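What follows is one structure encoded as structure tokens, with my remarks underneath.
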2 protein chains.
Amino acid sequence: MTDAKMPRMTRIQQKNRDLIMDGALNVFSANGFRGTTIDQIAWSAGLSKPNVLYYFSSKDDIHRTLLTELLDMWLAPMQQIDPAGDPMSEVLGYVAAKMRMSRDYPRESRLFAYEILQGAPHLTQILGGGLREIVDRTVAVLQGWMDDGRLARTDPRHLIFSIWSMTQHYADFEIQVRAVLGRGRDPFDEGQAFLDQMYRKLLTP
Amino acid sequence: MTDAKMPRMTRIQQKNRDLIMDGALNVFSANGFRGTTIDQIAWSAGLSKPNVLYYFSSKDDIHRTLLTELLDMWLAPMQQIDPAGDPMSEVLGYVAAKMRMSRDYPRESRLFAYEILQGAPHLTQILGGGLREIVDRTVAVLQGWMDDGRLARTDPRHLIFSIWSMTQHYADFEIQVRAVLGRGRDPFDEGQAFLDQMYRKLLTP
DNA sequence: TGAATTATTGACCAAACGGTCAGGATCAAG
DNA sequence: CTTGATCCTGACCGTTTGGTCAATAATTCA
């Protein structure tokens, strides 16, 4: 009983769906939804176009499935903030975790960036529902810490926006970042150090 | 001699090219390059598709022209930082100016966001050339202020990244921001206040 | 006014794209 | 080996899209 999914998947189904998800992530994250063709996804997955459409009913289906499969993983770091932990360590840990995500999963970052830029046509429910609740919970924790004088007062929601924007900037706009920094520098290491300094100063009571 | 352009433009040319640029900005900024059709641009400009192609040779031509026409305006705020001014006021003024750009020109912000996300296929020269020089000049000014002890020490380039990412976040991801904040709040006003507080703490020596 | 230039469009084309389908290949189980 | 289910594909279809063009309308200017 290792899999709780309703329809049991054969090995081939499992393998090919994974291949398609990975190929789709490659292409969607590089070209956006409209800029992606099923042929490109198929090629990137090493399959034929009709075969891809044997596993997914449409390009939209692939996109929607990909987004929902990745959303939890993408939001996980924020839910790992420990209300019982040390405030400064928890926040800086979250920043570091998001920075690691940008370094290790830039495709996912760009995928969501495209989706939000587009107006989040596939994420409206999540934006107005689940995401807001998750953020609200974190906001409550941060607000509690500020009320206890363990963090300097600031708007918790905009604090979260700042963390999202700055960390994801290194993934989404990596080309610009590298163009400005020049070669031989590690944007992610430097960015991590900068953010650490910045949030330490902002949040020290 | 009000116009220095090589080929003199008739009134009609001037007017229609402007219409096309504005329509293209609408559509490109909402759907990205691959997501927009010439028909959409034409409709948004109030012209027919062949008429649009009478003024521009291709969709690519429209896009390239739009980017280059808007680039100067987009980078202007950074060049208005006054090396002889008060360091803190100059930086906070730049942040405020960028924030105003996000509020007043979200289309431009999204247009460039798409382009950089895509890998900046039309801006590679500018990214590696002009932009870097402009940034370097600003970096020199900031570095001077830090060396003089008038600003706290921090990496000037990552400081600039942080300003770009946070201010543009309010335009590019406005939907997400509004979804998280809920109705009845002004993201730009609040964001401006937050950033002011943040950079004041970071940069006070 | 009239000729020349500029502006506009309906009709059209070839390529690309999302998606379908009948039929064949492969595989698992008895 | 046989059989039924799963897996895979070449060929195909209707639509969309970027772009062309010949013909017509509007404008400019001598």
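How things are named: the first chain in the structure tokens is A, the next is B, and so on; residues count from 1 in each chain; ligands count from 1 in the order shown.
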Rows by chain and residue number, segment 18-48 of chain A within 12 Å of segment 14-30 of chain C, shortest pair, only C-alpha atoms (C1' of nucleotides), as a tab-separated table:
residue	atom	partner	partner_atom	distance
A:Arg34	CA	C:DC17	C1'	10.9
A:Gly35	CA	C:DC17	C1'	11.2
A:Thr36	CA	C:DC17	C1'	10.2
A:Thr37	CA	C:DC17	C1'	7.4
A:Ile38	CA	C:DG18	C1'	7.8
A:Asp39	CA	C:DC17	C1'	9.1
A:Gln40	CA	C:DC17	C1'	11.3
DSSP helix (DSSP H, G or I) selection over segment 22-136 of chain A, as a ChimeraX atom specification: /A:22-31,38-45,49-55,59-79,87-104,106-117,124-136
Those residues you just picked out, can you put them in a file as a PDB file, in the first residue's frame with C-alpha atoms?
ATOM      1  CA  ASP A  22       9.694  16.913 -16.551  1.00  0.00           C
ATOM      2  CA  GLY A  23       9.669  17.766 -20.239  1.00  0.00           C
ATOM      3  CA  ALA A  24       6.716  20.072 -19.765  1.00  0.00           C
ATOM      4  CA  LEU A  25       8.493  21.807 -16.889  1.00  0.00           C
ATOM      5  CA  ASN A  26      11.500  22.381 -19.144  1.00  0.00           C
ATOM      6  CA  VAL A  27       9.508  23.921 -21.939  1.00  0.00           C
ATOM      7  CA  PHE A  28       6.800  25.774 -20.017  1.00  0.00           C
ATOM      8  CA  SER A  29       9.353  27.397 -17.722  1.00  0.00           C
ATOM      9  CA  ALA A  30      11.414  28.544 -20.688  1.00  0.00           C
ATOM     10  CA  ASN A  31       8.671  29.718 -23.039  1.00  0.00           C
ATOM     11  CA  ILE A  38       2.962  19.872 -27.452  1.00  0.00           C
ATOM     12  CA  ASP A  39       5.615  18.778 -29.899  1.00  0.00           C
ATOM     13  CA  GLN A  40       8.271  20.516 -27.816  1.00  0.00           C
ATOM     14  CA  ILE A  41       7.040  18.839 -24.668  1.00  0.00           C
ATOM     15  CA  ALA A  42       7.005  15.478 -26.424  1.00  0.00           C
ATOM     16  CA  TRP A  43      10.511  15.976 -27.783  1.00  0.00           C
ATOM     17  CA  SER A  44      11.828  17.059 -24.397  1.00  0.00           C
ATOM     18  CA  ALA A  45      10.232  13.986 -22.845  1.00  0.00           C
ATOM     19  CA  LYS A  49       3.088  13.890 -29.644  1.00  0.00           C
ATOM     20  CA  PRO A  50       0.199  11.432 -29.859  1.00  0.00           C
ATOM     21  CA  ASN A  51       1.780   9.445 -27.074  1.00  0.00           C
ATOM     22  CA  VAL A  52       1.864  12.511 -24.859  1.00  0.00           C
ATOM     23  CA  LEU A  53      -1.803  13.035 -25.641  1.00  0.00           C
ATOM     24  CA  TYR A  54      -2.429   9.429 -24.671  1.00  0.00           C
ATOM     25  CA  TYR A  55      -1.506  10.325 -21.094  1.00  0.00           C
ATOM     26  CA  LYS A  59      -1.913  20.905 -23.369  1.00  0.00           C
ATOM     27  CA  ASP A  60      -4.024  22.670 -20.788  1.00  0.00           C
ATOM     28  CA  ASP A  61      -4.311  19.430 -18.861  1.00  0.00           C
ATOM     29  CA  ILE A  62      -0.538  19.037 -18.784  1.00  0.00           C
ATOM     30  CA  HIS A  63      -0.092  22.590 -17.589  1.00  0.00           C
ATOM     31  CA  ARG A  64      -2.750  22.383 -14.908  1.00  0.00           C
ATOM     32  CA  THR A  65      -1.463  19.052 -13.621  1.00  0.00           C
ATOM     33  CA  LEU A  66       2.099  20.365 -13.522  1.00  0.00           C
ATOM     34  CA  LEU A  67       1.124  23.461 -11.547  1.00  0.00           C
ATOM     35  CA  THR A  68      -0.927  21.580  -8.977  1.00  0.00           C
ATOM     36  CA  GLU A  69       1.718  18.889  -8.562  1.00  0.00           C
ATOM     37  CA  LEU A  70       4.416  21.482  -7.891  1.00  0.00           C
ATOM     38  CA  LEU A  71       2.431  23.920  -5.791  1.00  0.00           C
ATOM     39  CA  ASP A  72       2.791  22.110  -2.470  1.00  0.00           C
ATOM     40  CA  MET A  73       6.511  21.686  -2.900  1.00  0.00           C
ATOM     41  CA  TRP A  74       6.762  25.336  -3.822  1.00  0.00           C
ATOM     42  CA  LEU A  75       4.928  26.573  -0.748  1.00  0.00           C
ATOM     43  CA  ALA A  76       6.492  24.060   1.651  1.00  0.00           C
ATOM     44  CA  PRO A  77       9.300  26.269   3.019  1.00  0.00           C
ATOM     45  CA  MET A  78       6.857  28.805   4.441  1.00  0.00           C
ATOM     46  CA  GLN A  79       4.935  26.112   6.268  1.00  0.00           C
ATOM     47  CA  PRO A  87      12.199  34.314  15.472  1.00  0.00           C
ATOM     48  CA  MET A  88      15.286  35.648  13.743  1.00  0.00           C
ATOM     49  CA  SER A  89      16.579  32.165  12.920  1.00  0.00           C
ATOM     50  CA  GLU A  90      13.217  31.102  11.596  1.00  0.00           C
ATOM     51  CA  VAL A  91      12.866  34.090   9.274  1.00  0.00           C
ATOM     52  CA  LEU A  92      16.452  33.941   8.072  1.00  0.00           C
ATOM     53  CA  GLY A  93      16.055  30.202   7.627  1.00  0.00           C
ATOM     54  CA  TYR A  94      13.013  30.780   5.474  1.00  0.00           C
ATOM     55  CA  VAL A  95      14.901  33.310   3.372  1.00  0.00           C
ATOM     56  CA  ALA A  96      17.781  30.871   2.958  1.00  0.00           C
ATOM     57  CA  ALA A  97      15.388  28.084   2.025  1.00  0.00           C
ATOM     58  CA  LYS A  98      13.713  30.248  -0.622  1.00  0.00           C
ATOM     59  CA  MET A  99      17.135  31.207  -1.938  1.00  0.00           C
ATOM     60  CA  ARG A 100      18.068  27.548  -2.208  1.00  0.00           C
ATOM     61  CA  MET A 101      14.843  26.946  -4.109  1.00  0.00           C
ATOM     62  CA  SER A 102      15.795  29.648  -6.600  1.00  0.00           C
ATOM     63  CA  ARG A 103      19.184  28.083  -7.090  1.00  0.00           C
ATOM     64  CA  ASP A 104      18.045  24.458  -7.250  1.00  0.00           C
ATOM     65  CA  PRO A 106      14.712  27.814 -11.177  1.00  0.00           C
ATOM     66  CA  ARG A 107      12.369  26.067 -13.592  1.00  0.00           C
ATOM     67  CA  GLU A 108       9.638  25.882 -10.997  1.00  0.00           C
ATOM     68  CA  SER A 109      10.187  29.511 -10.088  1.00  0.00           C
ATOM     69  CA  ARG A 110       9.837  30.628 -13.692  1.00  0.00           C
ATOM     70  CA  LEU A 111       6.814  28.407 -14.240  1.00  0.00           C
ATOM     71  CA  PHE A 112       4.951  30.160 -11.450  1.00  0.00           C
ATOM     72  CA  ALA A 113       6.292  33.538 -12.513  1.00  0.00           C
ATOM     73  CA  TYR A 114       4.769  33.084 -15.975  1.00  0.00           C
ATOM     74  CA  GLU A 115       1.507  31.945 -14.447  1.00  0.00           C
ATOM     75  CA  ILE A 116       1.174  34.925 -12.114  1.00  0.00           C
ATOM     76  CA  LEU A 117       2.288  37.374 -14.811  1.00  0.00           C
ATOM     77  CA  THR A 124      -7.218  31.796  -9.142  1.00  0.00           C
ATOM     78  CA  GLN A 125      -8.789  29.403  -6.671  1.00  0.00           C
ATOM     79  CA  ILE A 126      -5.477  28.781  -4.963  1.00  0.00           C
ATOM     80  CA  LEU A 127      -4.546  32.454  -4.917  1.00  0.00           C
ATOM     81  CA  GLY A 128      -7.788  33.510  -3.299  1.00  0.00           C
ATOM     82  CA  GLY A 129      -8.088  30.433  -1.102  1.00  0.00           C
ATOM     83  CA  GLY A 130      -5.244  28.213   0.058  1.00  0.00           C
ATOM     84  CA  LEU A 131      -2.403  30.638  -0.464  1.00  0.00           C
ATOM     85  CA  ARG A 132      -4.067  33.357   1.507  1.00  0.00           C
ATOM     86  CA  GLU A 133      -4.687  31.014   4.430  1.00  0.00           C
ATOM     87  CA  ILE A 134      -1.099  29.837   4.448  1.00  0.00           C
ATOM     88  CA  VAL A 135       0.109  33.405   4.380  1.00  0.00           C
ATOM     89  CA  ASP A 136      -2.338  34.412   7.097  1.00  0.00           C
TER      90      ASP A 136
END
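Using only C-alpha atoms (C1' of nucleotides), we find that the part of chain D lying within 9 Å of chain B comprises D:DT17, D:DG18, D:DG19.
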Can you write just those residues out, N, CA and C atoms (P, O5', C5', C4', C3', O3' and C1' of nucleotides), as a PDB file, in the first residue's frame?
ATOM      1  P    DT D  17      -4.784  32.768 -33.033  1.00  0.00           P
ATOM      2  O5'  DT D  17      -3.502  33.009 -33.933  1.00  0.00           O
ATOM      3  C5'  DT D  17      -2.404  32.117 -33.849  1.00  0.00           C
ATOM      4  C4'  DT D  17      -1.410  32.407 -34.954  1.00  0.00           C
ATOM      5  C3'  DT D  17      -1.234  33.896 -35.251  1.00  0.00           C
ATOM      6  O3'  DT D  17       0.066  34.292 -34.900  1.00  0.00           O
ATOM      7  C1'  DT D  17      -1.389  32.589 -37.249  1.00  0.00           C
ATOM      8  P    DG D  18       0.503  35.834 -34.935  1.00  0.00           P
ATOM      9  O5'  DG D  18       1.510  35.881 -36.158  1.00  0.00           O
ATOM     10  C5'  DG D  18       2.653  35.027 -36.140  1.00  0.00           C
ATOM     11  C4'  DG D  18       3.335  35.092 -37.491  1.00  0.00           C
ATOM     12  C3'  DG D  18       3.697  36.502 -37.942  1.00  0.00           C
ATOM     13  O3'  DG D  18       4.983  36.484 -38.542  1.00  0.00           O
ATOM     14  C1'  DG D  18       2.238  35.491 -39.525  1.00  0.00           C
ATOM     15  P    DG D  19       5.655  37.836 -39.038  1.00  0.00           P
ATOM     16  O5'  DG D  19       5.112  37.940 -40.531  1.00  0.00           O
ATOM     17  C5'  DG D  19       5.422  36.884 -41.441  1.00  0.00           C
ATOM     18  C4'  DG D  19       4.675  37.086 -42.737  1.00  0.00           C
ATOM     19  C3'  DG D  19       4.774  38.479 -43.366  1.00  0.00           C
ATOM     20  O3'  DG D  19       5.503  38.375 -44.574  1.00  0.00           O
ATOM     21  C1'  DG D  19       2.591  37.558 -43.550  1.00  0.00           C
TER      22       DG D  19
END
Nearest to chain B by atom-to-atom distance, counting only C-alpha atoms, from A:Ile175, A:Asp196, A:Asp86, A:Asp186: A:Ile175
Show me, as a PDB file with C-alpha atoms (C1' of nucleotides), in the first residue's frame, the residues of chain C whose atoms get within 10 Å of chain B, using only C-alpha atoms (C1' of nucleotides) for the distance check.
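Contents of out.pdb, as written:
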ATOM      1  C1'  DT C   6       0.497  57.572 -49.253  1.00  0.00           C
ATOM      2  C1'  DA C   7      -2.835  54.824 -46.736  1.00  0.00           C
ATOM      3  C1'  DT C   8      -6.077  50.916 -46.324  1.00  0.00           C
ATOM      4  C1'  DT C   9      -8.228  46.567 -46.965  1.00  0.00           C
ATOM      5  C1'  DG C  10     -10.383  41.970 -48.423  1.00  0.00           C
TER       6       DG C  10
END
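Between Arg153 of chain B and the residues A:Ile20, A:Gln168, A:Gln197, A:Tyr105, the shortest atom-to-atom distance, using only C-alpha atoms, involves A:Gln197.
In this structure, atom CA of Pro156 of chain B sits 6.7 Å away from atom CA of Gln143 of chain B.
You can rank A:Pro205, A:Thr154, A:Ile160, A:Arg183 by their closest distance to chain B using only C-alpha atoms, and at the top of that list sits A:Thr154.
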